[in-house]
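Here's the structure, in structure tokens; my notes come after.
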Amino acid sequence: MSAPTVESADLVWMEGDQPFSSRFDDVYFSRDSGLEETRHVFLTHNRLAERWRAMAAGEHFCIAETGFGTGLNFLAAWQLWQASAPDDTYLHFVSTEKYPLTRTDLQRALAIWSELADLSAELLGQYQDLTPGWQHFSFAGGRVTLTLLIGDLFDTLPELDAAVDAWFLDGFAPARNPDMWQPALYQRMAELSRPGATVATFTSVGDVRRGLIAAGFEMRKVKGFGRKREMLCGQLQQPPAQPWRAPWYARPERSDKRSAIIIGAGLAGCSTAHALARRGWQVQVIERLPDVAGAASGNPQGILYCKLSPHHPPLSRFIQSAYQYSLRLLQRELKQGEGRWHACGVLQLGTDDKEQRRQQGLASQGYPASFLQAVDARQASALAGVEISSPGLFFPAGGWVSPPTLCRQLLEHPNIEVRTTTAVADLRYDGSQWQLLNEQGDCLAASGTVIICGAHETARFSQTRHLSLKPIRGQITHLPADAHSSRLKTVLCADGYVSPARQGEHHLGASFRFDRLDLTPSKEENRHNLQLLQSLSPELHRHFSATAPQGARVGLRCTAPDYLPLLGPVLDPDAFLDQYAVLGKDASQQPTAPAPWQPGLYVNTAHGSRGLISAPLSGELLAAWLGDEPLPLPRDLSQAVHPSRFLLCQLVRGNASSSQRSKQ
Ligand code: SAM
């Protein structure tokens, strides 16, 4: 599936500050009473305050909305949530939007609501001009998440994996937006609803009422807001038959205990711990090295290199959403400044024809300038502060961060306990929980939920040996910064990368070696890295040509054969192959038997060299799997990164039993 370009909302401002859509010829809200109308229609008629007051600790509630618009409904719901929901409960707000507001317009539209000012500021603190795809946000210390499905809801809602408790059926008036108010929407709403889910909408149009009734909702006409005579509200009475879903991508049974052990304290492990801790889970992080981020996540400077394809294959769409989530997390968790998040921009240089074609393909797709801009060599030189001889793409919001600093910050949470210098050699399931054993067979810790975030070592356990993971050695070179080289203001990337100075050093990378897996730096790879500098900036290359590196560091990236990460629950491979053997003969079969999960066992790994981009959203995805929350990715992407994909592929190709079992 391709990611279409997105058009922004085309607002005109009536009476100075009231947003009006010229595309739909309708208002977003009434300036005088918009907030009160939201409360009347959507909050009161979904009975939110009373339902929220009754929630038990650890529970979550999911609202889904058609048409995010200015976010007024979201902010009003969040405000009510703060006032009525118990502390240890969680709100997930999922909203669709075909024409997102620019950040400037959103700021202007929300400025009217002074009583929502604190919440608007938190939203605006993370909201940038949006690109197509799904955009995930986490607010209020993790108690409120927002997932915006950017695109037409007839494309996005079929990809949503969620169980909705309440619907805000918004959107411009049916007469102004007839394409949206269709039976297919009501049907999909019913499919996505939990039993007893409620719905409210400002309209009382007969077609809408009949459509919702036909989809299984019992609907009532009630008094509308202000001068509007009537509106509709209702509840799902008749859950529809669900379409067949592949059991190997279904959700495993959820554990009642909200505690987990994470193996590995790199970016994947720390991001997962952070996401779970923000949801009230108790997390123990176990790391074999003496410090967190001591392996592949230990480079002094990590860059946010958002490499996209103009054809939008799954990897590119995943990266696009994950990159923007990482930016939000970095802005939220780290302050600007030395050792912190440096949003200095990233220049991707088009140093050959193929790369220039890729970049032109992306530049012609109407991305917001705050996301990416095409620049010529002169503009690139001005941005970089050093001479650049190629055109490129500039990502103004990107930059670099120290991954170990980020990892430590992510673990700074009272719900997280970290145990370093603790190597897990084996896993044993005792019928109710996983025991983590050391080399001697002693139990180090036990939990019903274990998430292995151990890069390629994730596959060292008998339960995960079937996962296809490969280590690739990479070396970075440390170069001494001086007055001349310190003019470099942005990160430069092509086949390699170089970063602006940090604590008197530039970091230049990186080699890719498949032939050796030791961690000793080599002179040869330093030379290779210096060679890469030639295509990044001939000026810097000349400058450093006679300079001896003042250090180097080697790490092992972990990749899967399709370069996508592995995120989610883990199957028992033998039971899977036996149970669904029929697929080996006929891949079109739709078996319904539940998949044989290894109870409570999950992985988050194979981030390659882009862990800074992919790990934070992966942490949110893991937390969503574990908590039965709406997934922050479209279904096709959550399946593209699912650990079950390789076993399925082997089975369907018919070589499962031999190749799979020989690996055990
Ligand atoms: N809930 C909004 C708020 O709190 O500000 C107001 C919603 S506004 C009246 C309607 C929104 O629905 C617009 O932002 C519009 O772009 C969006 N919309 C209309 N048709 C859509 C569709 N087919 N898919 C997704 N969004 C759509």
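By order of appearance in the structure tokens: chains A, B, ..., then residues from 1 within every chain, and ligands from 1 in the order shown.
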Query - Secondary structure check, alpha helix (DSSP H) residues of segment 628-657 of chain A, as a PyMOL selection string - result: chain A and resi 635-640+644-653
Output N, CA and C atoms for every residue in the selection just made, as a JSON list (two decimals), in the first residue's frame.
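out-v1.json written:
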```json
[["chain", "number", "residue", "atom", "x", "y", "z"],
["A", 635, "ARG", "N", -2.77, -2.12, 10.63],
["A", 635, "ARG", "CA", -2.67, -3.57, 10.75],
["A", 635, "ARG", "C", -1.62, -4.15, 9.80],
["A", 636, "ASP", "N", -1.56, -3.65, 8.56],
["A", 636, "ASP", "CA", -0.60, -4.23, 7.62],
["A", 636, "ASP", "C", 0.83, -4.00, 8.10],
["A", 637, "LEU", "N", 1.09, -2.87, 8.77],
["A", 637, "LEU", "CA", 2.45, -2.64, 9.27],
["A", 637, "LEU", "C", 2.74, -3.43, 10.54],
["A", 638, "SER", "N", 1.74, -3.55, 11.41],
["A", 638, "SER", "CA", 2.00, -4.33, 12.63],
["A", 638, "SER", "C", 2.26, -5.79, 12.24],
["A", 639, "GLN", "N", 1.68, -6.23, 11.12],
["A", 639, "GLN", "CA", 1.95, -7.59, 10.64],
["A", 639, "GLN", "C", 3.30, -7.66, 9.93],
["A", 640, "ALA", "N", 3.67, -6.56, 9.25],
["A", 640, "ALA", "CA", 4.96, -6.55, 8.55],
["A", 640, "ALA", "C", 6.12, -6.64, 9.54],
["A", 644, "SER", "N", 5.82, -13.41, 13.80],
["A", 644, "SER", "CA", 5.26, -14.61, 13.16],
["A", 644, "SER", "C", 5.53, -14.65, 11.66],
["A", 645, "ARG", "N", 5.97, -13.54, 11.08],
["A", 645, "ARG", "CA", 6.00, -13.49, 9.61],
["A", 645, "ARG", "C", 6.93, -14.52, 8.98],
["A", 646, "PHE", "N", 8.05, -14.81, 9.66],
["A", 646, "PHE", "CA", 9.01, -15.72, 9.04],
["A", 646, "PHE", "C", 8.53, -17.17, 9.07],
["A", 647, "LEU", "N", 7.93, -17.57, 10.20],
["A", 647, "LEU", "CA", 7.40, -18.94, 10.27],
["A", 647, "LEU", "C", 6.31, -19.14, 9.24],
["A", 648, "LEU", "N", 5.46, -18.14, 9.10],
["A", 648, "LEU", "CA", 4.37, -18.23, 8.13],
["A", 648, "LEU", "C", 4.94, -18.40, 6.73],
["A", 649, "CYS", "N", 5.94, -17.59, 6.45],
["A", 649, "CYS", "CA", 6.55, -17.63, 5.12],
["A", 649, "CYS", "C", 7.15, -19.01, 4.84],
["A", 650, "GLN", "N", 7.83, -19.55, 5.84],
["A", 650, "GLN", "CA", 8.43, -20.89, 5.66],
["A", 650, "GLN", "C", 7.34, -21.93, 5.40],
["A", 651, "LEU", "N", 6.26, -21.80, 6.15],
["A", 651, "LEU", "CA", 5.19, -22.79, 6.03],
["A", 651, "LEU", "C", 4.55, -22.72, 4.64],
["A", 652, "VAL", "N", 4.28, -21.50, 4.23],
["A", 652, "VAL", "CA", 3.59, -21.32, 2.95],
["A", 652, "VAL", "C", 4.50, -21.73, 1.80],
["A", 653, "ARG", "N", 5.80, -21.48, 1.96],
["A", 653, "ARG", "CA", 6.72, -21.89, 0.89],
["A", 653, "ARG", "C", 6.98, -23.39, 0.89]]
```
Report task. Return as JSON, numbers by chain every polymer residue, whether protein, DNA or RNA, with at least one atom no more than 8 Å from an atom of ligand 1; count only C-alpha atoms and all ligand atoms. Result -> {"A": [9, 26, 27, 28, 29, 38, 65, 66, 67, 68, 69, 70, 71, 72, 73, 74, 75, 96, 97, 98, 99, 100, 101, 150, 151, 152, 153, 154, 168, 170, 171, 172, 173, 177, 179, 180]}
Just write the chosen residues, N, CA, C and O atoms, as a CSV table (one decimal), in the first residue's frame.
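Saved the output as part34.csv:
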```csv
chain,number,residue,atom,x,y,z
A,9,ALA,N,-5.7,21.1,5.8
A,9,ALA,CA,-7.0,21.8,5.9
A,9,ALA,C,-6.9,23.2,5.3
A,9,ALA,O,-5.9,23.9,5.4
A,26,ASP,N,-18.1,24.7,5.7
A,26,ASP,CA,-18.7,24.4,7.0
A,26,ASP,C,-17.8,24.9,8.1
A,26,ASP,O,-16.6,24.9,7.9
A,27,VAL,N,-18.3,25.1,9.3
A,27,VAL,CA,-17.5,25.6,10.4
A,27,VAL,C,-16.9,24.3,11.1
A,27,VAL,O,-17.5,23.3,11.2
A,28,TYR,N,-15.7,24.5,11.8
A,28,TYR,CA,-15.2,23.5,12.6
A,28,TYR,C,-15.9,23.4,14.0
A,28,TYR,O,-16.2,22.4,14.5
A,29,PHE,N,-16.2,24.6,14.5
A,29,PHE,CA,-17.0,24.7,15.7
A,29,PHE,C,-17.5,26.1,15.8
A,29,PHE,O,-17.0,27.0,15.1
A,38,THR,N,-19.4,20.5,22.3
A,38,THR,CA,-18.6,19.3,22.4
A,38,THR,C,-19.0,18.5,23.7
A,38,THR,O,-19.2,17.3,23.7
A,65,GLU,N,-12.7,8.7,17.0
A,65,GLU,CA,-13.4,9.9,16.5
A,65,GLU,C,-13.3,9.9,15.0
A,65,GLU,O,-12.2,9.5,14.4
A,66,THR,N,-14.3,10.4,14.3
A,66,THR,CA,-14.2,10.7,12.9
A,66,THR,C,-13.9,12.2,12.7
A,66,THR,O,-14.8,13.0,12.9
A,67,GLY,N,-12.7,12.6,12.3
A,67,GLY,CA,-12.4,14.0,12.1
A,67,GLY,C,-11.8,14.7,13.3
A,67,GLY,O,-12.5,15.2,14.1
A,68,PHE,N,-10.5,14.7,13.3
A,68,PHE,CA,-9.8,15.3,14.5
A,68,PHE,C,-9.9,16.8,14.4
A,68,PHE,O,-10.0,17.5,15.5
A,69,GLY,N,-9.9,17.4,13.2
A,69,GLY,CA,-10.0,18.8,13.1
A,69,GLY,C,-9.1,19.6,13.9
A,69,GLY,O,-7.8,19.4,13.9
A,70,THR,N,-9.6,20.4,14.8
A,70,THR,CA,-8.8,21.3,15.6
A,70,THR,C,-8.4,20.6,17.0
A,70,THR,O,-7.7,21.2,17.8
A,71,GLY,N,-8.9,19.4,17.2
A,71,GLY,CA,-8.5,18.7,18.4
A,71,GLY,C,-9.4,19.2,19.6
A,71,GLY,O,-9.1,18.8,20.7
A,72,LEU,N,-10.4,20.0,19.3
A,72,LEU,CA,-11.2,20.5,20.4
A,72,LEU,C,-11.9,19.3,21.2
A,72,LEU,O,-11.8,19.3,22.4
A,73,ASN,N,-12.4,18.4,20.5
A,73,ASN,CA,-13.1,17.3,21.2
A,73,ASN,C,-12.1,16.5,22.0
A,73,ASN,O,-12.4,16.0,23.1
A,74,PHE,N,-10.9,16.3,21.4
A,74,PHE,CA,-9.9,15.5,22.1
A,74,PHE,C,-9.5,16.3,23.4
A,74,PHE,O,-9.5,15.6,24.5
A,75,LEU,N,-9.3,17.6,23.3
A,75,LEU,CA,-8.9,18.3,24.5
A,75,LEU,C,-10.0,18.3,25.6
A,75,LEU,O,-9.7,18.2,26.8
A,96,THR,N,-9.4,10.1,13.2
A,96,THR,CA,-9.0,10.0,11.8
A,96,THR,C,-9.0,11.5,11.3
A,96,THR,O,-9.7,12.3,11.8
A,97,GLU,N,-8.2,11.7,10.3
A,97,GLU,CA,-8.2,13.1,9.7
A,97,GLU,C,-7.6,13.0,8.3
A,97,GLU,O,-6.5,12.6,8.1
A,98,LYS,N,-8.4,13.5,7.4
A,98,LYS,CA,-8.0,13.5,6.0
A,98,LYS,C,-7.2,14.8,5.6
A,98,LYS,O,-6.3,14.8,4.8
A,99,TYR,N,-7.6,15.9,6.3
A,99,TYR,CA,-7.0,17.2,6.0
A,99,TYR,C,-6.5,17.8,7.3
A,99,TYR,O,-7.1,18.7,7.8
A,100,PRO,N,-5.3,17.4,7.8
A,100,PRO,CA,-4.9,17.9,9.1
A,100,PRO,C,-4.6,19.4,9.0
A,100,PRO,O,-4.1,19.9,8.0
A,101,LEU,N,-4.8,20.0,10.2
A,101,LEU,CA,-4.4,21.4,10.3
A,101,LEU,C,-2.9,21.5,10.3
A,101,LEU,O,-2.2,20.7,10.9
A,150,ILE,N,-3.9,9.6,9.7
A,150,ILE,CA,-3.9,10.6,8.7
A,150,ILE,C,-4.3,10.0,7.3
A,150,ILE,O,-3.5,9.1,6.9
A,151,GLY,N,-5.3,10.5,6.7
A,151,GLY,CA,-5.8,9.9,5.4
A,151,GLY,C,-7.3,9.8,5.5
A,151,GLY,O,-7.9,10.1,6.5
A,152,ASP,N,-7.9,9.3,4.4
A,152,ASP,CA,-9.3,9.2,4.4
A,152,ASP,C,-9.7,8.0,5.3
A,152,ASP,O,-9.1,6.9,5.3
A,153,LEU,N,-10.8,8.2,6.1
A,153,LEU,CA,-11.1,7.2,7.1
A,153,LEU,C,-11.5,5.9,6.4
A,153,LEU,O,-11.4,4.8,7.0
A,154,PHE,N,-11.9,5.9,5.1
A,154,PHE,CA,-12.3,4.6,4.5
A,154,PHE,C,-11.0,3.9,4.1
A,154,PHE,O,-11.0,2.7,3.9
A,168,PHE,N,-17.0,9.2,18.9
A,168,PHE,CA,-17.4,10.6,18.6
A,168,PHE,C,-17.6,10.7,17.1
A,168,PHE,O,-16.6,10.7,16.3
A,170,ASP,N,-18.1,12.6,14.4
A,170,ASP,CA,-18.0,14.0,14.0
A,170,ASP,C,-17.8,14.1,12.5
A,170,ASP,O,-18.0,13.1,11.8
A,171,GLY,N,-17.3,15.2,12.0
A,171,GLY,CA,-17.2,15.3,10.6
A,171,GLY,C,-18.1,16.4,10.2
A,171,GLY,O,-19.1,16.7,11.0
A,172,PHE,N,-17.9,17.1,9.1
A,172,PHE,CA,-18.8,18.2,8.8
A,172,PHE,C,-20.2,17.6,8.6
A,172,PHE,O,-20.4,16.4,8.4
A,173,ALA,N,-21.2,18.5,8.5
A,173,ALA,CA,-22.6,18.1,8.4
A,173,ALA,C,-22.8,17.1,7.2
A,173,ALA,O,-22.1,17.3,6.2
A,177,ASN,N,-20.7,16.9,3.7
A,177,ASN,CA,-19.6,15.9,3.6
A,177,ASN,C,-20.3,14.5,3.4
A,177,ASN,O,-20.0,13.6,4.1
A,179,ASP,N,-19.8,12.1,1.4
A,179,ASP,CA,-18.9,10.9,1.1
A,179,ASP,C,-18.6,10.2,2.4
A,179,ASP,O,-18.3,9.0,2.4
A,180,MET,N,-18.5,10.9,3.5
A,180,MET,CA,-18.1,10.3,4.8
A,180,MET,C,-19.3,9.6,5.5
A,180,MET,O,-19.1,8.5,6.1
```
Requested in this report: For Phe318 of chain A, list every protein, DNA or RNA residue within 10 Å, evaluated using only C-alpha atoms, and leave out those in the same chain fewer than 2 positions away; present the list as a ChimeraX atom specification.
Outcome: /A:133-134,308,312-316,320-323,564-565,613-614,617-618,633-634,637-638,640-641
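Using only C-alpha atoms, the contacts of Ser30 of chain A at a cut-off of 12 Å, with sequence neighbours closer than 6 positions omitted, comprise Trp13, Met14, Glu15, Asp17, Gln18, Pro19, Phe20, Glu36, Glu37, Thr38, Leu72, Ala109, Ile112, Trp113, Phe225 and Gly226 of chain A.
For the atom pair formed by atom CA of Thr351 of chain A and atom CA of Ile388 of chain A, the distance is 10.2 Å, given to one decimal.
Across A:Arg245, A:His528, A:Arg53, A:Arg358, the tightest approach to Thr592 of chain A is made by A:Arg245 when counting only C-alpha atoms.
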Query - segment 595-603 of chain A surroundings by only C-alpha atoms, 8 Å radius, close-in-sequence under 2 positions cut, as an NGL selection string - result: :A and (247-248 or 250 or 252 or 255 or 448-453 or 458 or 463 or 566-572 or 575-576 or 593 or 605 or 643)
**Report entry** Among listed residues A:Val12, A:Ala246, A:Ala560, A:Leu212, nearest Leu232 of chain A (using only C-alpha atoms)
**Finding:**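 Of all the options, A:Leu212 lies closest to Leu232 of chain A.
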Query raised in the report: Which one is closest to Ser326 of chain A: A:Phe137, A:Phe217, A:Phe395, A:Phe202? Count only C-alpha atoms.
Result: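 Comparing A:Phe137, A:Phe217, A:Phe395, A:Phe202 against Ser326 of chain A, the winner is A:Phe137.
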Query - Separation of atom CA of Leu148 of chain A from atom CA of Gly361 of chain A in Å - result: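 That distance, rounded to one decimal, is 25.3 Å.
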Requested in this report: Tell me, as a PyMOL selection string, which residues lie within 8 Å of segment 515-521 of chain A, counting only C-alpha atoms; anything in the same chain fewer than 5 positions away does not count.
Outcome: chain A and resi 471-473+475+552-556
Query raised in the report: Residues at most 10 Å from Ser537 of chain A, counting only C-alpha atoms, excluding those fewer than 4 positions away in the same chain, as a ChimeraX atom specification?
Result: /A:349,381,384,386-390,488,492-493,498,532-533,541-543
Write to file, as a tab-separated table (two decimals), in the first residue's frame, the residues of the selection just made, with N, CA, C and O atoms.
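Listed below is the output, out38.tsv:
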```
chain	number	residue	atom	x	y	z
A	349	LEU	N	22.46	13.77	1.51
A	349	LEU	CA	23.04	14.28	0.27
A	349	LEU	C	22.86	13.30	-0.87
A	349	LEU	O	23.01	12.08	-0.70
A	381	SER	N	25.24	23.93	1.54
A	381	SER	CA	26.46	24.47	2.16
A	381	SER	C	26.10	25.50	3.22
A	381	SER	O	26.70	25.53	4.31
A	384	ALA	N	24.79	23.70	6.22
A	384	ALA	CA	25.78	22.87	6.91
A	384	ALA	C	26.88	23.70	7.55
A	384	ALA	O	27.50	23.26	8.52
A	386	VAL	N	29.62	24.24	6.07
A	386	VAL	CA	30.84	23.81	5.36
A	386	VAL	C	30.46	23.57	3.91
A	386	VAL	O	29.27	23.44	3.59
A	387	GLU	N	31.46	23.49	3.06
A	387	GLU	CA	31.18	23.36	1.64
A	387	GLU	C	30.62	21.96	1.32
A	387	GLU	O	31.18	20.94	1.72
A	388	ILE	N	29.51	21.97	0.58
A	388	ILE	CA	28.87	20.71	0.16
A	388	ILE	C	28.77	20.77	-1.36
A	388	ILE	O	28.42	21.81	-1.92
A	389	SER	N	29.05	19.66	-2.02
A	389	SER	CA	29.04	19.73	-3.48
A	389	SER	C	27.85	18.99	-4.10
A	389	SER	O	27.78	18.85	-5.30
A	390	SER	N	26.93	18.51	-3.30
A	390	SER	CA	25.77	17.78	-3.87
A	390	SER	C	24.48	18.42	-3.40
A	390	SER	O	24.43	19.02	-2.33
A	488	LEU	N	30.71	22.97	11.19
A	488	LEU	CA	29.67	22.03	10.76
A	488	LEU	C	28.46	22.15	11.71
A	488	LEU	O	28.57	21.90	12.91
A	492	LEU	N	25.46	15.39	8.42
A	492	LEU	CA	25.53	15.10	6.98
A	492	LEU	C	25.45	13.59	6.79
A	492	LEU	O	26.16	12.84	7.47
A	493	CYS	N	24.61	13.16	5.84
A	493	CYS	CA	24.50	11.72	5.56
A	493	CYS	C	24.56	11.47	4.07
A	493	CYS	O	23.97	12.22	3.29
A	498	VAL	N	28.50	12.16	9.14
A	498	VAL	CA	29.37	12.85	10.08
A	498	VAL	C	28.50	13.82	10.87
A	498	VAL	O	27.55	14.40	10.34
A	532	LEU	N	34.49	7.78	3.27
A	532	LEU	CA	33.08	8.18	3.17
A	532	LEU	C	32.93	9.69	3.32
A	532	LEU	O	32.01	10.31	2.75
A	533	LEU	N	33.83	10.31	4.07
A	533	LEU	CA	33.75	11.75	4.31
A	533	LEU	C	33.91	12.54	3.01
A	533	LEU	O	33.35	13.63	2.86
A	541	HIS	N	36.77	16.58	4.24
A	541	HIS	CA	37.66	15.48	3.89
A	541	HIS	C	39.10	15.98	3.74
A	541	HIS	O	40.04	15.40	4.30
A	542	ARG	N	39.25	17.10	3.03
A	542	ARG	CA	40.60	17.69	2.88
A	542	ARG	C	41.14	18.05	4.25
A	542	ARG	O	42.28	17.77	4.60
A	543	HIS	N	40.26	18.66	5.05
A	543	HIS	CA	40.68	19.15	6.36
A	543	HIS	C	41.20	18.01	7.25
A	543	HIS	O	42.18	18.16	7.98
```
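Distances from A:Arg278, A:His45, A:Lys489, A:Arg465 to Pro396 of chain A were compared using only C-alpha atoms, and the smallest one belongs to A:Lys489.
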Query raised in the report: DSSP says strand (DSSP E) for which residues of segment 41-196 of chain A? Put them as number ranges by chain?
Result: A: 60-66, 90-97, 133-139, 144-150, 164-169, 193-196
Please produce an output containing N, CA, C and O atoms for each residue in the selection, written as a compact mmCIF listing (two decimals), in the first residue's frame.
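Output saved as out-v5.txt:
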```txt
# COMPACT_ATOMS: atom_id res chain seq x y z
N HIS A 60 -8.09 0.62 30.82
CA HIS A 60 -8.00 1.72 29.86
C HIS A 60 -9.32 1.86 29.12
O HIS A 60 -10.16 0.94 29.12
N PHE A 61 -9.48 3.01 28.49
CA PHE A 61 -10.72 3.35 27.81
C PHE A 61 -10.33 3.90 26.44
O PHE A 61 -9.39 4.69 26.33
N CYS A 62 -11.05 3.46 25.42
CA CYS A 62 -10.68 3.89 24.07
C CYS A 62 -11.82 4.68 23.42
O CYS A 62 -12.93 4.17 23.27
N ILE A 63 -11.51 5.92 23.04
CA ILE A 63 -12.45 6.73 22.25
C ILE A 63 -11.94 6.74 20.82
O ILE A 63 -10.74 6.87 20.60
N ALA A 64 -12.84 6.59 19.87
CA ALA A 64 -12.45 6.80 18.47
C ALA A 64 -13.32 7.89 17.88
O ALA A 64 -14.51 8.00 18.22
N GLU A 65 -12.73 8.69 17.02
CA GLU A 65 -13.42 9.87 16.48
C GLU A 65 -13.26 9.91 14.96
O GLU A 65 -12.20 9.55 14.43
N THR A 66 -14.28 10.42 14.30
CA THR A 66 -14.16 10.68 12.87
C THR A 66 -13.94 12.18 12.69
O THR A 66 -14.84 12.97 12.93
N TYR A 90 -6.14 4.70 32.00
CA TYR A 90 -5.45 5.19 30.80
C TYR A 90 -6.46 5.46 29.68
O TYR A 90 -7.36 4.64 29.45
N LEU A 91 -6.29 6.60 29.04
CA LEU A 91 -7.19 6.99 27.95
C LEU A 91 -6.46 6.89 26.61
O LEU A 91 -5.37 7.45 26.45
N HIS A 92 -7.08 6.18 25.67
CA HIS A 92 -6.55 6.14 24.31
C HIS A 92 -7.55 6.83 23.40
O HIS A 92 -8.72 6.42 23.35
N PHE A 93 -7.09 7.83 22.72
CA PHE A 93 -7.96 8.58 21.82
C PHE A 93 -7.43 8.36 20.41
O PHE A 93 -6.28 8.69 20.10
N VAL A 94 -8.25 7.76 19.57
CA VAL A 94 -7.85 7.48 18.19
C VAL A 94 -8.72 8.36 17.30
O VAL A 94 -9.96 8.34 17.43
N SER A 95 -8.11 9.14 16.43
CA SER A 95 -8.92 10.00 15.59
C SER A 95 -8.43 9.95 14.15
O SER A 95 -7.24 9.79 13.89
N THR A 96 -9.38 10.07 13.23
CA THR A 96 -9.03 10.03 11.81
C THR A 96 -8.98 11.46 11.29
O THR A 96 -9.70 12.33 11.79
N GLU A 97 -8.15 11.73 10.32
CA GLU A 97 -8.15 13.07 9.74
C GLU A 97 -7.59 13.04 8.32
O GLU A 97 -6.47 12.63 8.10
N GLY A 133 0.11 8.78 7.03
CA GLY A 133 0.49 7.68 7.92
C GLY A 133 -0.10 7.92 9.30
O GLY A 133 -0.89 8.82 9.50
N TRP A 134 0.29 7.07 10.25
CA TRP A 134 -0.27 7.17 11.60
C TRP A 134 0.70 7.91 12.49
O TRP A 134 1.90 7.67 12.45
N GLN A 135 0.14 8.81 13.28
CA GLN A 135 0.97 9.66 14.13
C GLN A 135 0.56 9.41 15.57
O GLN A 135 -0.60 9.58 15.93
N HIS A 136 1.55 9.02 16.37
CA HIS A 136 1.26 8.62 17.75
C HIS A 136 1.83 9.65 18.72
O HIS A 136 2.92 10.18 18.50
N PHE A 137 1.06 9.94 19.77
CA PHE A 137 1.46 10.92 20.78
C PHE A 137 1.23 10.32 22.16
O PHE A 137 0.29 9.54 22.34
N SER A 138 2.04 10.74 23.11
CA SER A 138 1.82 10.31 24.50
C SER A 138 1.88 11.54 25.39
O SER A 138 2.85 12.30 25.36
N PHE A 139 0.82 11.75 26.17
CA PHE A 139 0.71 12.94 27.01
C PHE A 139 0.50 12.54 28.46
O PHE A 139 0.24 11.37 28.77
N VAL A 144 -2.47 9.52 28.80
CA VAL A 144 -3.32 9.82 27.64
C VAL A 144 -2.50 9.62 26.37
O VAL A 144 -1.44 10.22 26.22
N THR A 145 -2.96 8.73 25.49
CA THR A 145 -2.29 8.62 24.19
C THR A 145 -3.26 9.05 23.10
O THR A 145 -4.49 8.93 23.24
N LEU A 146 -2.68 9.56 22.05
CA LEU A 146 -3.45 10.01 20.89
C LEU A 146 -2.83 9.35 19.67
O LEU A 146 -1.61 9.40 19.49
N THR A 147 -3.66 8.70 18.86
CA THR A 147 -3.17 8.16 17.59
C THR A 147 -3.99 8.79 16.49
O THR A 147 -5.23 8.62 16.46
N LEU A 148 -3.33 9.54 15.63
CA LEU A 148 -4.02 10.20 14.53
C LEU A 148 -3.81 9.39 13.26
O LEU A 148 -2.66 9.12 12.87
N LEU A 149 -4.90 8.98 12.65
CA LEU A 149 -4.83 8.20 11.41
C LEU A 149 -5.00 9.19 10.27
O LEU A 149 -6.11 9.62 9.97
N ILE A 150 -3.88 9.58 9.68
CA ILE A 150 -3.93 10.63 8.67
C ILE A 150 -4.26 10.00 7.32
O ILE A 150 -3.54 9.11 6.86
N VAL A 164 -13.06 -0.31 20.61
CA VAL A 164 -13.48 1.05 20.95
C VAL A 164 -14.60 1.01 21.98
O VAL A 164 -15.55 0.23 21.87
N ASP A 165 -14.50 1.90 22.98
CA ASP A 165 -15.55 2.00 24.00
C ASP A 165 -16.57 3.08 23.68
O ASP A 165 -17.73 2.97 24.09
N ALA A 166 -16.13 4.15 23.02
CA ALA A 166 -17.06 5.25 22.72
C ALA A 166 -16.65 5.92 21.41
O ALA A 166 -15.46 6.11 21.16
N TRP A 167 -17.66 6.24 20.63
CA TRP A 167 -17.41 6.88 19.33
C TRP A 167 -17.84 8.34 19.37
O TRP A 167 -18.95 8.65 19.84
N PHE A 168 -17.00 9.22 18.86
CA PHE A 168 -17.38 10.60 18.57
C PHE A 168 -17.59 10.66 17.05
O PHE A 168 -16.62 10.72 16.29
N LEU A 169 -18.85 10.56 16.63
CA LEU A 169 -19.13 10.59 15.19
C LEU A 169 -19.27 12.05 14.79
O LEU A 169 -20.33 12.65 14.87
N SER A 193 -16.02 -1.99 17.63
CA SER A 193 -16.54 -1.66 18.96
C SER A 193 -16.45 -2.83 19.93
O SER A 193 -16.66 -3.98 19.55
N ARG A 194 -16.18 -2.48 21.19
CA ARG A 194 -16.32 -3.45 22.27
C ARG A 194 -17.82 -3.65 22.50
O ARG A 194 -18.60 -2.72 22.23
N PRO A 195 -18.26 -4.81 23.03
CA PRO A 195 -19.69 -4.95 23.33
C PRO A 195 -20.13 -3.80 24.24
O PRO A 195 -19.43 -3.43 25.18
N GLY A 196 -21.27 -3.21 23.91
CA GLY A 196 -21.79 -2.11 24.74
C GLY A 196 -21.19 -0.75 24.42
O GLY A 196 -21.48 0.23 25.11
```
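Candidate residues A:Gln534, A:Gln128, A:Ser545, A:Arg513 were compared for distance to Leu479 of chain A, and the nearest is A:Ser545, using only C-alpha atoms.
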**Report entry** Pick from A:Gln373, A:Ser271, A:Thr559, A:Ser447, whichever lies nearest to Trp434 of chain A using only C-alpha atoms
**Finding:**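 With only C-alpha atoms as the atom set, the closest residue is A:Ser447.
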